[in-house]
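Step one of this worksheet: look at the structure below.
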Amino acid sequence: MQRLIEFIIEKRHWIVFILCEIFSFTLLYHNNVYQHSMILTSANNITSKISATAHSVFAYLELAGTNRDLVERYGALESEVIDLRRQIAALNTNKTDFNALILNDSVPVDSIVKAGKSHKYNYITADVINNSTSYLNNYITINKGSKDGIKPDMGVVSPKGVIGIVTTVSNNMSVVISLLSSKLRVSCKVKDTHFFGSLKWKNNDVKYAYLEELPSHATFQAGDTVVTTGMTPAFPPSVMVGTVESYDRQKDDNFFSLKVRLSTDFQSLGSLCVISNTMADEQTALEREVRKND
(Lines give C-alpha, C1' and ligand atoms only; values in the text may rest on other atoms or scores of the structure.)
Protein backbone atom coordinates (compact mmCIF):
# COMPACT_ATOMS: atom_id res chain seq x y z
CA MET A 1 0.00 0.00 0.00
CA GLN A 2 2.86 2.33 0.85
CA ARG A 3 4.41 1.69 -2.56
CA LEU A 4 1.12 2.48 -4.31
CA ILE A 5 0.83 5.79 -2.47
CA GLU A 6 4.45 6.62 -3.33
CA PHE A 7 3.80 5.77 -6.99
CA ILE A 8 0.70 8.02 -7.10
CA ILE A 9 2.61 10.90 -5.49
CA GLU A 10 5.54 10.44 -7.88
CA LYS A 11 3.34 10.30 -10.99
CA ARG A 12 0.70 12.78 -9.80
CA HIS A 13 1.35 15.19 -12.65
CA TRP A 14 0.73 12.49 -15.28
CA ILE A 15 -2.32 11.23 -13.44
CA VAL A 16 -3.82 14.74 -13.25
CA PHE A 17 -3.03 15.26 -16.95
CA ILE A 18 -4.76 12.01 -17.98
CA LEU A 19 -7.81 12.80 -15.83
CA CYS A 20 -8.04 16.28 -17.38
CA GLU A 21 -7.80 14.78 -20.88
CA ILE A 22 -10.57 12.31 -20.11
CA PHE A 23 -12.73 15.10 -18.67
CA SER A 24 -12.06 17.29 -21.71
CA PHE A 25 -12.97 14.56 -24.18
CA THR A 26 -16.13 13.85 -22.19
CA LEU A 27 -17.19 17.51 -22.39
CA LEU A 28 -16.28 17.62 -26.08
CA TYR A 29 -18.28 14.45 -26.77
CA HIS A 30 -21.43 15.57 -24.94
CA ASN A 31 -21.51 19.26 -25.93
CA ASN A 32 -20.48 19.21 -29.61
CA VAL A 33 -22.63 17.43 -32.20
CA TYR A 34 -19.92 17.19 -34.86
CA GLN A 35 -17.29 15.70 -32.55
CA HIS A 36 -19.96 13.38 -31.11
CA SER A 37 -20.79 11.98 -34.55
CA MET A 38 -17.10 11.69 -35.55
CA ILE A 39 -16.23 9.71 -32.42
CA LEU A 40 -19.22 7.38 -32.94
CA THR A 41 -18.27 6.85 -36.59
CA SER A 42 -14.66 6.06 -35.71
CA ALA A 43 -15.74 3.68 -32.97
CA ASN A 44 -18.10 1.90 -35.35
CA ASN A 45 -15.34 1.56 -37.96
CA ILE A 46 -12.95 0.07 -35.43
CA THR A 47 -15.60 -2.33 -34.13
CA SER A 48 -16.44 -3.41 -37.70
CA LYS A 49 -12.79 -4.11 -38.50
CA ILE A 50 -12.36 -6.12 -35.31
CA SER A 51 -15.51 -8.13 -36.09
CA ALA A 52 -14.38 -8.76 -39.68
CA THR A 53 -10.95 -9.93 -38.51
CA ALA A 54 -12.50 -12.24 -35.90
CA HIS A 55 -14.89 -13.64 -38.53
CA SER A 56 -11.98 -14.34 -40.90
CA VAL A 57 -10.03 -16.13 -38.16
CA PHE A 58 -12.98 -18.32 -37.18
CA ALA A 59 -13.78 -19.04 -40.86
CA TYR A 60 -10.18 -20.18 -41.42
CA LEU A 61 -10.33 -22.47 -38.39
CA GLU A 62 -13.50 -24.07 -39.80
CA LEU A 63 -11.99 -24.76 -43.26
CA ALA A 64 -11.01 -28.35 -42.37
CA GLY A 65 -14.61 -29.24 -41.49
CA THR A 66 -15.94 -27.44 -44.55
CA ASN A 67 -13.49 -29.27 -46.82
CA ARG A 68 -14.50 -32.62 -45.30
CA ASP A 69 -18.16 -31.86 -45.95
CA LEU A 70 -17.35 -31.00 -49.58
CA VAL A 71 -15.47 -34.26 -50.07
CA GLU A 72 -18.41 -36.24 -48.65
CA ARG A 73 -20.77 -34.40 -50.97
CA TYR A 74 -18.42 -35.11 -53.89
CA GLY A 75 -18.51 -38.83 -53.09
CA ALA A 76 -22.30 -38.88 -52.98
CA LEU A 77 -22.62 -36.96 -56.27
CA GLU A 78 -20.00 -39.11 -57.99
CA SER A 79 -21.89 -42.24 -56.98
CA GLU A 80 -25.11 -40.79 -58.41
CA VAL A 81 -23.37 -39.85 -61.67
CA ILE A 82 -21.99 -43.38 -62.06
CA ASP A 83 -25.44 -44.89 -61.54
CA LEU A 84 -27.01 -42.49 -64.05
CA ARG A 85 -24.34 -43.25 -66.67
CA ARG A 86 -24.93 -46.97 -66.20
CA GLN A 87 -28.68 -46.58 -66.57
CA ILE A 88 -28.28 -44.51 -69.74
CA ALA A 89 -25.85 -47.04 -71.22
CA ALA A 90 -28.22 -49.91 -70.42
CA LEU A 91 -31.16 -48.11 -71.98
CA ASN A 92 -29.23 -47.19 -75.12
CA THR A 93 -27.90 -50.72 -75.48
CA ASN A 94 -31.36 -52.23 -75.11
CA LYS A 95 -32.86 -49.85 -77.67
CA THR A 96 -30.22 -50.06 -80.38
CA ASP A 97 -27.48 -52.67 -80.53
CA PHE A 98 -29.42 -55.72 -79.30
CA ASN A 99 -32.95 -55.11 -80.47
CA ALA A 100 -32.71 -57.91 -83.02
CA LEU A 101 -31.30 -60.34 -80.47
CA ILE A 102 -33.95 -59.93 -77.78
CA LEU A 103 -37.08 -59.96 -79.94
CA ASN A 104 -37.96 -63.42 -78.66
CA ASP A 105 -36.89 -62.66 -75.11
CA SER A 106 -38.95 -60.85 -72.55
CA VAL A 107 -36.19 -58.99 -70.74
CA PRO A 108 -37.69 -55.65 -69.64
CA VAL A 109 -35.62 -52.49 -69.67
CA ASP A 110 -36.27 -52.00 -65.96
CA SER A 111 -34.56 -55.28 -65.10
CA ILE A 112 -31.48 -54.26 -67.07
CA VAL A 113 -31.35 -50.93 -65.27
CA LYS A 114 -31.71 -52.65 -61.89
CA ALA A 115 -28.99 -55.12 -62.79
CA GLY A 116 -26.72 -52.25 -63.73
CA LYS A 117 -27.40 -50.47 -60.45
CA SER A 118 -26.31 -53.52 -58.49
CA HIS A 119 -22.75 -52.73 -59.53
CA LYS A 120 -22.52 -50.01 -56.90
CA TYR A 121 -19.66 -47.80 -55.83
CA ASN A 122 -19.70 -46.37 -52.32
CA TYR A 123 -17.42 -43.63 -51.04
CA ILE A 124 -15.70 -43.51 -47.62
CA THR A 125 -14.19 -40.15 -46.68
CA ALA A 126 -10.80 -40.03 -44.94
CA ASP A 127 -8.10 -37.52 -43.99
CA VAL A 128 -4.42 -37.69 -44.88
CA ILE A 129 -2.13 -38.09 -41.86
CA ASN A 130 1.13 -38.73 -43.75
CA ASN A 131 2.21 -38.25 -47.34
CA SER A 132 5.42 -38.56 -49.37
CA THR A 133 6.23 -37.23 -52.85
CA SER A 134 10.03 -37.37 -53.12
CA TYR A 135 10.74 -41.11 -53.36
CA LEU A 136 10.73 -43.66 -56.16
CA ASN A 137 7.64 -45.22 -54.57
CA ASN A 138 5.47 -42.84 -52.57
CA TYR A 139 2.77 -43.70 -50.03
CA ILE A 140 -0.08 -41.91 -48.27
CA THR A 141 -1.39 -42.79 -44.80
CA ILE A 142 -5.06 -42.08 -44.06
CA ASN A 143 -7.04 -42.12 -40.81
CA LYS A 144 -9.55 -44.84 -41.76
CA GLY A 145 -9.08 -48.61 -41.57
CA SER A 146 -10.82 -51.98 -41.60
CA LYS A 147 -13.34 -50.96 -38.93
CA ASP A 148 -14.52 -48.26 -41.36
CA GLY A 149 -15.00 -50.76 -44.18
CA ILE A 150 -11.70 -50.19 -46.00
CA LYS A 151 -9.92 -53.13 -47.66
CA PRO A 152 -6.76 -53.55 -49.75
CA ASP A 153 -7.06 -52.81 -53.50
CA MET A 154 -9.72 -50.12 -53.05
CA GLY A 155 -9.24 -47.03 -55.19
CA VAL A 156 -8.63 -43.60 -53.64
CA VAL A 157 -9.66 -40.30 -55.25
CA SER A 158 -10.05 -36.64 -54.41
CA PRO A 159 -12.49 -34.13 -55.92
CA LYS A 160 -9.70 -33.31 -58.39
CA GLY A 161 -8.84 -36.81 -59.54
CA VAL A 162 -7.17 -40.19 -58.96
CA ILE A 163 -4.88 -40.53 -55.91
CA GLY A 164 -3.88 -44.20 -55.67
CA ILE A 165 -4.88 -47.67 -54.39
CA VAL A 166 -5.08 -48.98 -50.82
CA THR A 167 -2.28 -51.46 -50.17
CA THR A 168 -2.20 -52.13 -46.40
CA VAL A 169 -4.95 -51.84 -43.79
CA SER A 170 -5.06 -51.88 -39.98
CA ASN A 171 -8.02 -51.32 -37.69
CA ASN A 172 -7.78 -47.53 -37.65
CA MET A 173 -5.46 -46.59 -40.52
CA SER A 174 -4.61 -47.51 -44.10
CA VAL A 175 -1.64 -47.01 -46.39
CA VAL A 176 -2.26 -46.01 -49.99
CA ILE A 177 0.24 -46.57 -52.78
CA SER A 178 0.30 -43.20 -54.50
CA LEU A 179 -0.09 -42.59 -58.21
CA LEU A 180 3.43 -41.16 -57.79
CA SER A 181 4.93 -44.65 -57.63
CA SER A 182 6.82 -46.79 -60.10
CA LYS A 183 4.87 -49.84 -58.83
CA LEU A 184 1.43 -48.55 -59.79
CA ARG A 185 -0.20 -48.61 -63.20
CA VAL A 186 -3.76 -47.43 -63.86
CA SER A 187 -5.84 -48.22 -66.95
CA CYS A 188 -6.74 -44.87 -68.55
CA LYS A 189 -7.93 -43.42 -71.82
CA VAL A 190 -8.48 -40.10 -73.54
CA LYS A 191 -12.02 -38.99 -72.75
CA ASP A 192 -14.69 -39.73 -75.39
CA THR A 193 -12.48 -42.31 -77.14
CA HIS A 194 -12.23 -46.11 -76.88
CA PHE A 195 -8.42 -46.28 -77.01
CA PHE A 196 -6.85 -47.06 -73.65
CA GLY A 197 -3.37 -47.44 -72.24
CA SER A 198 -1.47 -47.71 -68.98
CA LEU A 199 -0.71 -44.64 -66.87
CA LYS A 200 2.68 -44.68 -65.13
CA TRP A 201 4.73 -42.18 -63.13
CA LYS A 202 8.41 -41.89 -64.03
CA ASN A 203 9.82 -40.35 -60.85
CA ASN A 204 10.82 -37.05 -62.42
CA ASP A 205 8.03 -34.59 -61.62
CA VAL A 206 5.09 -34.69 -59.19
CA LYS A 207 2.96 -32.86 -61.75
CA TYR A 208 3.22 -35.37 -64.62
CA ALA A 209 2.67 -39.03 -65.46
CA TYR A 210 2.73 -40.88 -68.79
CA LEU A 211 -0.05 -42.73 -70.60
CA GLU A 212 1.74 -45.46 -72.54
CA GLU A 213 0.77 -48.23 -74.95
CA LEU A 214 -1.82 -46.04 -76.65
CA PRO A 215 -2.37 -47.40 -80.20
CA SER A 216 -0.73 -45.47 -83.02
CA HIS A 217 -4.10 -44.97 -84.77
CA ALA A 218 -5.66 -43.31 -81.71
CA THR A 219 -6.81 -39.73 -82.19
CA PHE A 220 -6.17 -37.03 -79.58
CA GLN A 221 -4.61 -33.61 -79.14
CA ALA A 222 -2.92 -31.54 -76.46
CA GLY A 223 -5.41 -30.38 -73.86
CA ASP A 224 -7.64 -33.47 -74.08
CA THR A 225 -8.85 -34.93 -70.79
CA VAL A 226 -7.50 -38.27 -69.54
CA VAL A 227 -9.84 -40.42 -67.41
CA THR A 228 -10.00 -43.94 -65.98
CA THR A 229 -11.47 -46.72 -68.12
CA GLY A 230 -13.28 -48.62 -65.34
CA MET A 231 -11.63 -51.88 -66.46
CA THR A 232 -10.23 -52.55 -62.97
CA PRO A 233 -12.33 -52.92 -59.80
CA ALA A 234 -10.48 -50.09 -58.03
CA PHE A 235 -11.88 -47.19 -60.05
CA PRO A 236 -15.20 -46.51 -61.76
CA PRO A 237 -15.07 -45.24 -65.35
CA SER A 238 -14.49 -41.58 -66.24
CA VAL A 239 -12.70 -40.48 -63.06
CA MET A 240 -10.52 -37.46 -63.83
CA VAL A 241 -6.76 -38.09 -64.07
CA GLY A 242 -5.36 -35.08 -65.94
CA THR A 243 -4.90 -33.48 -69.34
CA VAL A 244 -2.63 -34.25 -72.29
CA GLU A 245 0.41 -31.98 -72.16
CA SER A 246 2.34 -33.44 -75.12
CA TYR A 247 2.94 -36.78 -76.85
CA ASP A 248 5.59 -38.79 -78.64
CA ARG A 249 6.07 -42.14 -80.34
CA GLN A 250 7.34 -45.04 -78.27
CA LYS A 251 10.44 -46.96 -79.33
CA ASP A 252 8.66 -49.49 -81.56
CA ASP A 253 6.60 -46.73 -83.27
CA ASN A 254 3.37 -48.75 -82.85
CA PHE A 255 2.24 -46.88 -79.74
CA PHE A 256 2.02 -43.34 -78.44
CA SER A 257 3.30 -42.13 -75.09
CA LEU A 258 1.30 -39.17 -73.75
CA LYS A 259 2.69 -36.80 -71.16
CA VAL A 260 -0.23 -36.14 -68.79
CA ARG A 261 -0.45 -33.15 -66.44
CA LEU A 262 -2.04 -34.59 -63.31
CA SER A 263 -5.16 -32.80 -62.08
CA THR A 264 -4.30 -33.55 -58.43
CA ASP A 265 -1.73 -31.59 -56.46
CA PHE A 266 -0.08 -34.39 -54.47
CA GLN A 267 1.83 -31.92 -52.29
CA SER A 268 -1.33 -30.46 -50.73
CA LEU A 269 -3.62 -33.42 -50.06
CA GLY A 270 -6.27 -33.09 -47.35
CA SER A 271 -9.51 -35.07 -47.36
CA LEU A 272 -9.89 -38.03 -49.73
CA CYS A 273 -12.50 -40.60 -50.79
CA VAL A 274 -11.89 -44.35 -50.70
CA ILE A 275 -13.99 -46.20 -53.30
CA SER A 276 -15.78 -49.37 -52.22
CA ASN A 277 -16.84 -51.50 -55.20
CA THR A 278 -19.48 -53.95 -53.94
CA MET A 279 -18.73 -56.37 -56.80
CA ALA A 280 -14.93 -56.15 -56.68
CA ASP A 281 -14.43 -59.47 -54.86
CA GLU A 282 -16.63 -61.33 -57.34
CA GLN A 283 -14.82 -59.83 -60.34
CA THR A 284 -11.36 -60.53 -58.89
CA ALA A 285 -12.21 -64.12 -57.96
CA LEU A 286 -13.68 -64.81 -61.41
CA GLU A 287 -10.67 -63.37 -63.25
CA ARG A 288 -8.26 -65.29 -60.98
CA GLU A 289 -10.15 -68.51 -61.73
CA VAL A 290 -9.79 -67.92 -65.47
CA ARG A 291 -6.03 -67.37 -65.18
CA LYS A 292 -5.66 -70.71 -63.37
CA ASN A 293 -6.79 -72.48 -66.53
CA ASP A 294 -4.21 -70.78 -68.76
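A note on labels: chains of the C-alpha coordinates are A, B, ... as shown, every chain counts residues from 1, and ligands are counted from 1 in their shown order.
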
*Near A:Tyr123, within 7 Å and counting only C-alpha atoms, which residues show up once chain neighbours fewer than 5 positions away are dropped, as number ranges by chain?*
A: 75, 273-276

_stretch 211-265 of chain A: residues DSSP assigns to strand (DSSP E), reported as a list in words_ = Leu211, Glu212, Glu213, Leu214, Pro215, Thr225, Val226, Val227, Thr228, Met240, Val241, Gly242, Thr243, Val244, Glu245, Ser246, Tyr247, Asp248, Arg249, Phe255, Phe256, Ser257, Leu258, Lys259, Val260, Arg261 and Leu262 of chain A

*Skipping near chain neighbours, those fewer than 5 positions away, what residues fall within 8 Å of A:Asn171 using only C-alpha atoms, listed as a count of residues only?*
4

_So that I can see what lies close to A:Ser132, please list as a PyMOL selection string the residues with an atom at most 12 Å from it, counting only C-alpha atoms and leaving out residues fewer than 2 positions away in the same chain._
chain A and resi 128-130+134-141+175-181+206+266-269

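With atom CA of A:Leu272 on one side and atom CA of A:Asp205 on the other, the separation reads 21.8 Å.
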
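Take atom CA of A:Phe235 and atom CA of A:Gln221: the distance between them is 24.5 Å.
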
*Identify, with DSSP run on backbone atoms, the residues in stretch 103-289 of chain A assigned to alpha helix (DSSP H), and express the list as a ChimeraX atom specification.*
/A:109-117,280-289

*Rounded to one decimal place, report the atom CA of A:Asp192-atom CA of A:Ser271 distance in Å.*
28.9 Å

*Neighbours of A:Val241 within 10 Å (only C-alpha atoms; same-chain residues fewer than 6 positions away dropped), as a list in words?*
Val157, Lys160, Gly161, Val162, Ile163, Leu179, Val186, Cys188, Lys189, Val190, Leu199, Ala209, Thr225, Val226, Val227, Thr228, Val260, Arg261, Leu262, Ser263 and Thr264 of chain A

*Residue nearest A:Glu282 - candidates A:Pro233, A:Leu70, A:Ile22, A:Gly242, atoms counted: only C-alpha atoms*: A:Pro233

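Using only C-alpha atoms for every distance, the candidate list A:Ser198, A:Asn204, A:Gln283, A:Ser187 yields A:Ser187 as the residue closest to A:Gly230.
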